[in-house]
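One file, work-v3.cif, is given below (mmCIF, C-alpha atoms).
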data_data
#
loop_
_atom_site.label_atom_id
_atom_site.label_comp_id
_atom_site.auth_asym_id
_atom_site.auth_seq_id
_atom_site.Cartn_x
_atom_site.Cartn_y
_atom_site.Cartn_z
CA MET K 1014 99.88 123.04 119.88
CA ARG K 1015 97.06 121.24 118.13
CA TRP K 1016 97.10 117.46 118.06
CA VAL K 1017 96.84 117.16 114.30
CA TRP K 1018 99.64 115.17 112.68
CA ILE K 1019 98.55 115.34 109.06
CA ASP K 1020 98.54 118.49 106.95
CA ARG K 1021 96.04 117.56 104.29
CA PHE K 1022 94.50 114.68 102.42
CA THR K 1023 95.48 114.10 98.83
CA ALA K 1024 93.10 111.22 98.15
CA PHE K 1025 90.03 109.83 99.88
CA GLU K 1026 87.91 106.92 98.77
CA PRO K 1027 85.17 106.45 101.40
CA GLY K 1028 85.35 103.11 103.18
CA GLN K 1029 88.30 101.99 101.03
CA SER K 1030 91.45 104.08 101.27
CA ALA K 1031 92.89 107.44 102.17
CA THR K 1032 96.15 109.27 101.58
CA ALA K 1033 97.41 112.25 103.53
CA VAL K 1034 100.64 114.20 103.64
CA LYS K 1035 102.62 115.71 106.49
CA CYS K 1036 105.41 118.23 106.01
CA LEU K 1037 108.02 118.11 108.74
CA SER K 1038 109.24 121.44 110.03
CA HIS K 1039 112.30 121.92 112.16
CA ALA K 1040 110.20 124.34 114.22
CA GLU K 1041 108.12 121.47 115.60
CA ASP K 1042 108.91 121.05 119.28
CA HIS K 1043 109.62 117.34 119.18
CA PHE K 1044 112.74 117.83 117.04
CA ALA K 1045 114.40 119.79 119.84
CA GLU K 1046 114.26 116.87 122.25
CA HIS K 1047 114.29 113.93 119.87
CA PHE K 1048 117.22 114.04 119.83
CA PRO K 1049 119.44 117.02 120.73
CA GLY K 1050 121.91 117.34 117.86
CA PHE K 1051 120.20 114.53 115.94
CA PRO K 1052 116.64 115.62 115.13
CA VAL K 1053 114.48 112.80 113.77
CA MET K 1054 110.70 112.44 113.79
CA PRO K 1055 109.67 110.22 116.75
CA ALA K 1056 108.34 106.93 115.42
CA ALA K 1057 105.30 107.23 117.69
CA LEU K 1058 104.33 110.50 115.99
CA ILE K 1059 104.73 108.93 112.56
CA LEU K 1060 102.30 106.26 113.72
CA GLU K 1061 99.98 108.97 115.09
CA GLY K 1062 99.79 110.57 111.65
CA LEU K 1063 99.09 107.21 110.07
CA ALA K 1064 96.45 106.51 112.72
CA GLN K 1065 94.78 109.87 112.13
CA THR K 1066 94.63 109.14 108.41
CA GLY K 1067 93.16 105.71 109.09
CA GLY K 1068 90.91 106.90 111.90
CA ILE K 1069 89.23 109.45 109.67
CA LEU K 1070 88.78 106.80 106.98
CA VAL K 1071 87.07 104.56 109.55
CA GLY K 1072 85.04 107.33 111.21
CA GLU K 1073 83.74 108.74 107.96
CA VAL K 1074 81.99 105.46 107.13
CA ASN K 1075 79.52 106.07 109.94
CA GLU K 1076 79.52 109.83 109.48
CA PHE K 1077 81.56 110.22 112.71
CA ARG K 1078 78.76 108.96 114.94
CA GLU K 1079 81.04 106.23 116.33
CA LYS K 1080 83.85 107.09 118.69
CA VAL K 1081 86.80 105.52 116.92
CA VAL K 1082 89.80 104.87 119.14
CA LEU K 1083 93.17 103.36 118.36
CA ALA K 1084 93.00 100.03 120.16
CA LYS K 1085 96.11 98.21 119.04
CA ILE K 1086 98.99 98.24 116.59
CA PRO K 1087 99.55 94.55 115.84
CA SER K 1088 102.62 95.23 113.73
CA ALA K 1089 104.84 98.16 112.79
CA LYS K 1090 108.13 98.29 110.89
CA PHE K 1091 110.34 101.32 110.56
CA HIS K 1092 112.69 101.38 107.61
CA ARG K 1093 114.42 104.71 107.97
CA ASP K 1094 114.38 107.98 109.90
CA ALA K 1095 112.31 110.96 108.84
CA VAL K 1096 113.90 114.39 109.21
CA ALA K 1097 112.89 118.04 109.02
CA GLY K 1098 112.25 119.34 105.53
CA GLU K 1099 110.79 116.08 104.31
CA MET K 1100 107.20 115.40 103.32
CA LEU K 1101 105.72 112.13 104.52
CA THR K 1102 102.88 110.46 102.66
CA TYR K 1103 100.51 108.36 104.74
CA ALA K 1104 98.53 105.81 102.69
CA VAL K 1105 96.01 103.54 104.38
CA ARG K 1106 93.75 100.83 103.06
CA MET K 1107 90.74 99.42 104.92
CA LEU K 1108 91.25 95.72 105.57
CA ASP K 1109 88.21 95.08 107.73
CA LEU K 1110 85.26 97.08 108.96
CA LYS K 1111 82.66 95.76 111.37
CA ALA K 1112 80.27 97.04 114.02
CA GLN K 1113 82.90 96.60 116.75
CA GLY K 1114 85.82 98.19 114.95
CA ALA K 1115 88.08 98.24 111.92
CA VAL K 1116 91.57 97.34 110.72
CA VAL K 1117 93.68 99.32 108.29
CA ALA K 1118 97.03 98.62 106.64
CA GLY K 1119 99.25 101.66 106.33
CA ARG K 1120 102.42 102.71 104.54
CA VAL K 1121 104.49 105.80 105.15
CA THR K 1122 106.69 106.96 102.31
CA CYS K 1123 108.96 109.89 101.54
CA GLY K 1124 109.19 110.23 97.80
CA ASP K 1125 109.93 106.73 96.55
CA GLU K 1126 111.39 105.56 99.86
CA LEU K 1127 109.52 103.45 102.34
CA VAL K 1128 109.70 104.96 105.84
CA ALA K 1129 107.34 102.75 107.83
CA GLU K 1130 104.56 100.18 107.57
CA ALA K 1131 101.94 99.33 110.16
CA GLU K 1132 98.68 97.59 110.71
CA ILE K 1133 96.32 99.53 112.97
CA PHE K 1134 93.30 98.19 114.80
CA PHE K 1135 90.56 100.64 115.74
CA ALA K 1136 87.71 99.91 118.13
CA HIS K 1137 84.34 101.58 118.24
CA LEU K 1138 83.86 102.58 121.85
CA ASP K 1139 80.83 100.87 123.28
CA GLN K 1140 78.10 103.40 122.68
CA ASN K 1141 76.34 102.98 126.01
CA ARG K 1142 79.45 103.03 128.12
CA SER K 1143 81.14 105.84 126.25
CA GLN K 1144 78.02 107.97 126.53
CA GLN K 1145 78.07 107.58 130.30
CA ALA K 1146 81.76 108.36 130.48
CA PHE K 1147 82.10 111.08 127.87
CA GLY K 1148 78.59 112.32 127.06
CA ASP K 1149 77.16 112.83 123.60
CA HIS K 1150 80.05 114.93 122.34
CA ASN K 1151 82.29 113.00 119.98
CA PHE K 1152 85.66 113.93 121.46
CA VAL K 1153 87.54 111.89 118.87
CA PHE K 1154 86.54 113.86 115.82
CA GLY K 1155 86.74 117.53 116.68
CA GLY K 1156 86.60 120.47 114.33
CA GLU K 1157 90.19 120.22 113.13
CA LEU K 1158 89.92 116.68 111.85
CA GLN K 1159 86.52 117.26 110.29
CA TYR K 1160 87.96 120.29 108.53
CA LEU K 1161 90.68 118.07 107.10
CA LEU K 1162 88.05 115.66 105.91
CA GLY K 1163 86.26 118.44 104.07
CA MET K 1164 89.51 118.98 102.22
CA ALA K 1165 89.83 115.24 101.74
CA LYS K 1166 86.54 115.05 99.92
CA GLN K 1167 87.89 117.45 97.36
CA ALA K 1168 91.03 115.39 96.89
CA THR K 1169 91.13 113.28 93.77
CA LYS K 1170 94.76 112.42 93.27
CA PRO K 1171 95.25 108.63 93.03
CA ALA K 1172 97.71 107.10 95.46
CA GLU K 1173 99.92 104.05 95.69
CA LEU K 1174 98.23 101.94 98.32
CA PRO K 1175 99.47 99.07 100.46
CA PRO K 1176 98.47 95.61 99.21
CA ALA K 1177 95.02 94.30 100.09
CA THR K 1178 96.45 91.55 102.27
CA THR K 1179 98.83 91.82 105.18
CA THR K 1180 102.22 90.20 105.23
CA MET F 715 90.59 71.07 105.46
CA THR F 716 91.99 68.82 108.20
CA GLN F 717 92.24 69.78 111.85
CA GLU F 718 96.00 69.92 111.36
CA ASP F 719 95.62 72.42 108.50
CA ILE F 720 93.34 74.51 110.65
CA PHE F 721 95.74 74.39 113.59
CA GLY F 722 98.51 75.68 111.31
CA LYS F 723 96.41 78.63 110.21
CA VAL F 724 95.17 79.33 113.73
CA LYS F 725 98.78 79.32 114.89
CA ALA F 726 99.71 81.87 112.22
CA VAL F 727 96.76 84.05 113.26
CA LEU F 728 97.84 83.97 116.90
CA VAL F 729 101.48 84.66 116.08
CA ASP F 730 100.38 87.80 114.21
CA ALA F 731 97.75 88.92 116.71
CA LEU F 732 99.76 88.34 119.88
CA SER F 733 103.34 88.81 118.64
CA VAL F 734 104.38 85.48 120.10
CA ASP F 735 106.87 82.96 118.75
CA ASP F 736 105.70 80.11 116.59
CA ASP F 737 106.74 77.45 119.08
CA GLU F 738 104.82 79.08 121.92
CA VAL F 739 101.53 78.38 120.17
CA THR F 740 100.93 74.79 121.24
CA PRO F 741 97.43 73.26 121.35
CA GLN F 742 97.46 73.43 125.14
CA ALA F 743 98.66 77.05 125.37
CA ARG F 744 96.20 79.31 127.20
CA LEU F 745 95.54 82.59 125.44
CA GLN F 746 95.73 84.77 128.55
CA ALA F 747 98.01 82.92 130.97
CA ASP F 748 100.53 81.62 128.43
CA LEU F 749 100.27 83.95 125.42
CA ASN F 750 99.46 87.17 127.33
CA ALA F 751 96.31 88.00 125.39
CA GLU F 752 94.40 91.06 126.61
CA SER F 753 90.77 91.95 126.06
CA ILE F 754 91.29 93.86 122.81
CA ASP F 755 93.28 90.92 121.45
CA PHE F 756 90.18 88.73 121.52
CA LEU F 757 88.44 91.09 119.12
CA ASP F 758 91.55 91.20 116.94
CA ILE F 759 91.69 87.37 116.90
CA VAL F 760 88.01 87.14 115.87
CA PHE F 761 88.60 89.61 113.01
CA ARG F 762 91.64 87.65 111.81
CA LEU F 763 89.89 84.27 111.99
CA GLU F 764 87.03 85.66 109.94
CA ARG F 765 89.41 86.90 107.27
CA GLU F 766 91.52 83.74 107.27
CA PHE F 767 88.66 81.24 107.10
CA GLY F 768 85.96 83.31 105.41
CA LEU F 769 83.64 82.94 108.41
CA LYS F 770 81.23 85.25 110.16
CA ILE F 771 81.94 84.85 113.87
CA ASP F 772 79.83 86.38 116.58
CA ARG F 773 82.32 87.43 119.23
CA ASN F 774 80.08 85.96 121.93
CA ASP F 775 80.05 82.69 120.08
CA LEU F 776 83.74 82.13 120.60
CA PHE F 777 84.31 84.23 123.72
CA PRO F 778 80.92 84.29 125.49
CA GLU F 779 80.63 87.21 127.85
CA SER F 780 77.35 86.17 129.51
CA VAL F 781 79.12 83.45 131.45
CA PHE F 782 81.42 85.98 133.05
CA SER F 783 78.83 88.43 134.29
CA GLY F 784 78.85 86.94 137.79
CA ASP F 785 75.13 86.07 137.88
CA PRO F 786 74.55 84.46 141.35
CA LYS F 787 72.58 81.72 139.68
CA PHE F 788 75.77 80.67 137.93
CA VAL F 789 78.48 81.76 140.35
CA GLN F 790 78.49 81.52 144.17
CA ASN F 791 81.42 81.93 146.55
CA GLY F 792 83.82 82.15 143.65
CA MET F 793 82.73 78.77 142.27
CA LEU F 794 80.47 77.85 139.37
CA THR F 795 77.16 76.35 140.49
CA PRO F 796 75.78 73.23 138.75
CA ASP F 797 73.59 75.59 136.71
CA GLY F 798 76.71 77.60 135.90
CA MET F 799 78.47 74.49 134.59
CA VAL F 800 75.47 73.67 132.39
CA GLU F 801 75.46 77.23 131.07
CA LEU F 802 79.19 77.17 130.46
CA LYS F 803 79.03 73.86 128.60
CA SER F 804 76.17 75.10 126.44
CA LYS F 805 78.02 78.33 125.60
CA MET F 806 81.42 76.70 125.11
CA PRO F 807 80.86 73.27 123.58
CA TYR F 808 84.35 73.41 122.08
CA ALA F 809 86.16 73.72 125.41
CA ASP F 810 87.81 70.83 127.20
CA MET F 811 86.18 71.02 130.65
CA THR F 812 87.80 67.89 132.10
CA THR F 813 90.21 69.63 134.47
CA PHE F 814 88.08 72.68 135.13
CA GLU F 815 84.96 70.72 136.10
CA ALA F 816 86.77 68.99 138.96
CA ASN F 817 87.35 72.36 140.66
CA PRO F 818 85.29 75.00 138.85
CA LYS F 819 86.77 78.18 140.28
CA PHE F 820 85.30 81.23 138.56
CA ASP F 821 88.65 82.96 138.29
CA GLN F 822 90.06 79.96 136.39
CA ILE F 823 87.57 80.20 133.51
CA GLY F 824 90.13 82.07 131.44
CA ASP F 825 92.23 78.90 131.33
CA LEU F 826 89.58 77.25 129.15
CA PHE F 827 90.52 79.55 126.28
CA THR F 828 93.27 77.53 124.69
CA VAL F 829 94.64 77.30 121.19
CA ASP F 830 92.94 73.92 120.92
CA LEU F 831 89.55 75.49 121.72
CA ILE F 832 89.92 77.91 118.82
CA THR F 833 91.05 75.14 116.48
CA ARG F 834 88.08 72.96 117.41
CA TYR F 835 85.66 75.86 117.03
CA VAL F 836 86.98 76.80 113.60
CA HIS F 837 87.01 73.14 112.52
CA SER F 838 83.33 72.72 113.38
CA ARG F 839 82.43 75.96 111.56
CA VAL F 840 84.46 75.10 108.47
CA ALA F 841 82.99 71.59 108.38
CA ALA F 842 79.47 73.03 108.52
CA LYS F 843 80.04 75.33 105.54
#
Show this structure as structure tokens.
Amino acid sequence: MRWVWIDRFTAFEPGQSATAVKCLSHAEDHFAEHFPGFPVMPAALILEGLAQTGGILVGEVNEFREKVVLAKIPSAKFHRDAVAGEMLTYAVRMLDLKAQGAVVAGRVTCGDELVAEAEIFFAHLDQNRSQQAFGDHNFVFGGELQYLLGMAKQATKPAELPPATTT
Amino acid sequence: MTQEDIFGKVKAVLVDALSVDDDEVTPQARLQADLNAESIDFLDIVFRLEREFGLKIDRNDLFPESVFSGDPKFVQNGMLTPDGMVELKSKMPYADMTTFEANPKFDQIGDLFTVDLITRYVHSRVAAK
């Protein structure tokens, strides 16, 4: 199974915002265990999809030269479960971008309903140390995610974004 | 902006960054020992202070890393040397060193990072704007 938790981008404004969608299929393994007889999308995987949307937004700014890692989720609220057959929309807005890292605000919706909200803090791995530990290869942004970005650049549909300030 | 105003905003920043209760953020509270801040939280706090107060903060300005590198000129036998104290005071002019200076154990440096230190730092920066 590939660790890609978004299906495609529907909007991408470099350095500003990104929107991606994820269709939930009952065939996905996590539904079998989470929970037997009551299949709901694990909240951690919802956050992973939001983080992948935001991570690509952050990484693209520096043309994926930085290793962008999820450092912290300062806040997350879950408003309702997500179930198989639904399509989640992940919308993220860049709140802050600096040499050391970036912060995005994210909203997850299903149709008009709010599913989750989170603020996600990404760090740029220290270039010297990460090169010693991991080499030149950028393990964060592999082919799959870059492929999605190629699709993102063709996306033009406007999206409803979270507000510019956090609550 | 008064120091009290700044303290209120610093408190809100720390409540958000560290997921602590409002009443835990007292001026004397230590970021690590009392509020359980970890290394990535310091970067988060700097980002939030910049947004809240419209400042540009060099991370090493508020949380200087050079002091903690264990240079033998500054640290010997687990204690800060006189040169180390001078260095620390020059790097952290906003810290209250009164208690620490009496017994400058290297592993107690983290206790200098209090809510009051951040408030005083921000106050001086805002006043200089």
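Using only C-alpha atoms, we find that the part of chain F lying within 10 Å of chain K comprises Asp730, Ala731, Leu732, Ser733, Ile754, Asp755, Leu757, Asp758, Phe761, Arg762, Glu764, Arg765 and Arg773 of chain F.
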> So how far away is CA of Ala1033 in chain K from CA of Glu1130 in chain K, in Å?
Replying inline: 14.6 Å
>> At a cut-off of 10 Å, using all atoms listed in the file, what residues contact range 786-791 of chain F? Leave out same-chain residues fewer than 6 positions from it and give the result as a count of residues only.
In response: 9
>> Please determine, counting all atoms listed in the file, which residue among F:Leu728, F:Met715, F:Phe814, F:Pro778 has the shortest atom-to-atom distance to Gln746 in chain F.
In response: F:Leu728
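Here the selection is built from all atoms listed in the file, and the residues within 12 Å of (86.1, 81.4, 102.3) turn out to be Met715, Leu763, Glu764, Arg765, Glu766, Phe767, Gly768, Leu769, Lys770, Arg839, Val840, Ala841 and Lys843 of chain F.
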For the residues selected in the previous step, produce a file with C-alpha atoms as a compact mmCIF listing (two decimals), keeping the file's coordinate frame.
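After the write, out11.txt holds the following:
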# COMPACT_ATOMS: atom_id res chain seq x y z
CA MET F 715 90.59 71.07 105.46
CA LEU F 763 89.89 84.27 111.99
CA GLU F 764 87.03 85.66 109.94
CA ARG F 765 89.41 86.90 107.27
CA GLU F 766 91.52 83.74 107.27
CA PHE F 767 88.66 81.24 107.10
CA GLY F 768 85.96 83.31 105.41
CA LEU F 769 83.64 82.94 108.41
CA LYS F 770 81.23 85.25 110.16
CA ARG F 839 82.43 75.96 111.56
CA VAL F 840 84.46 75.10 108.47
CA ALA F 841 82.99 71.59 108.38
CA LYS F 843 80.04 75.33 105.54
> Between CA of Phe777 in chain F and CA of Ser838 in chain F, what is the spacing in Å?
Replying inline: 15.5 Å
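For the atom pair formed by CA of His1047 in chain K and CA of Thr1023 in chain K, the distance is 28.2 Å, given to one decimal.
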>> Quick check on the file I pasted: which residues fall under the PyMOL selection byres ((chain K and resi 1021) around 8)? Write them as a PyMOL selection string.
In response: chain K and resi 1019-1020+1022-1023+1033-1035+1161+1164-1165
>> Once the PyMOL selection byres ((chain F and resi 738) around 10) is applied to the coordinates I shared, what remains selected? I want it as a ChimeraX atom specification.
In response: /F:725,728-729,734-737,739-743,748-749
Export of the given selection (C-alpha atoms) as a short mmCIF file (atom, residue, chain, number, x, y, z; two decimals), in the coordinates of the input:
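As written to disk, selection-v8.cif reads:
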data_model
loop_
_atom_site.label_atom_id
_atom_site.label_comp_id
_atom_site.auth_asym_id
_atom_site.auth_seq_id
_atom_site.Cartn_x
_atom_site.Cartn_y
_atom_site.Cartn_z
CA LYS F 725 98.78 79.32 114.89
CA LEU F 728 97.84 83.97 116.90
CA VAL F 729 101.48 84.66 116.08
CA VAL F 734 104.38 85.48 120.10
CA ASP F 735 106.87 82.96 118.75
CA ASP F 736 105.70 80.11 116.59
CA ASP F 737 106.74 77.45 119.08
CA VAL F 739 101.53 78.38 120.17
CA THR F 740 100.93 74.79 121.24
CA PRO F 741 97.43 73.26 121.35
CA GLN F 742 97.46 73.43 125.14
CA ALA F 743 98.66 77.05 125.37
CA ASP F 748 100.53 81.62 128.43
CA LEU F 749 100.27 83.95 125.42
#
>> Using all atoms listed in the file, which protein or nucleic acid residues come within 12 Å of Phe1048 in chain K? Drop anything in the same chain fewer than 6 positions from it, and give the result as a VMD selection string.
In response: chain K and resid 1042 1054 to 1055 1094 1096
>> Counting only C-alpha atoms, which residues sit no farther than 6 Å from the position (91.8, 73.0, 115.5) in the file's frame? I'd like them as a PyMOL selection string.
In response: chain F and resi 717+720-721+830+833-834+837
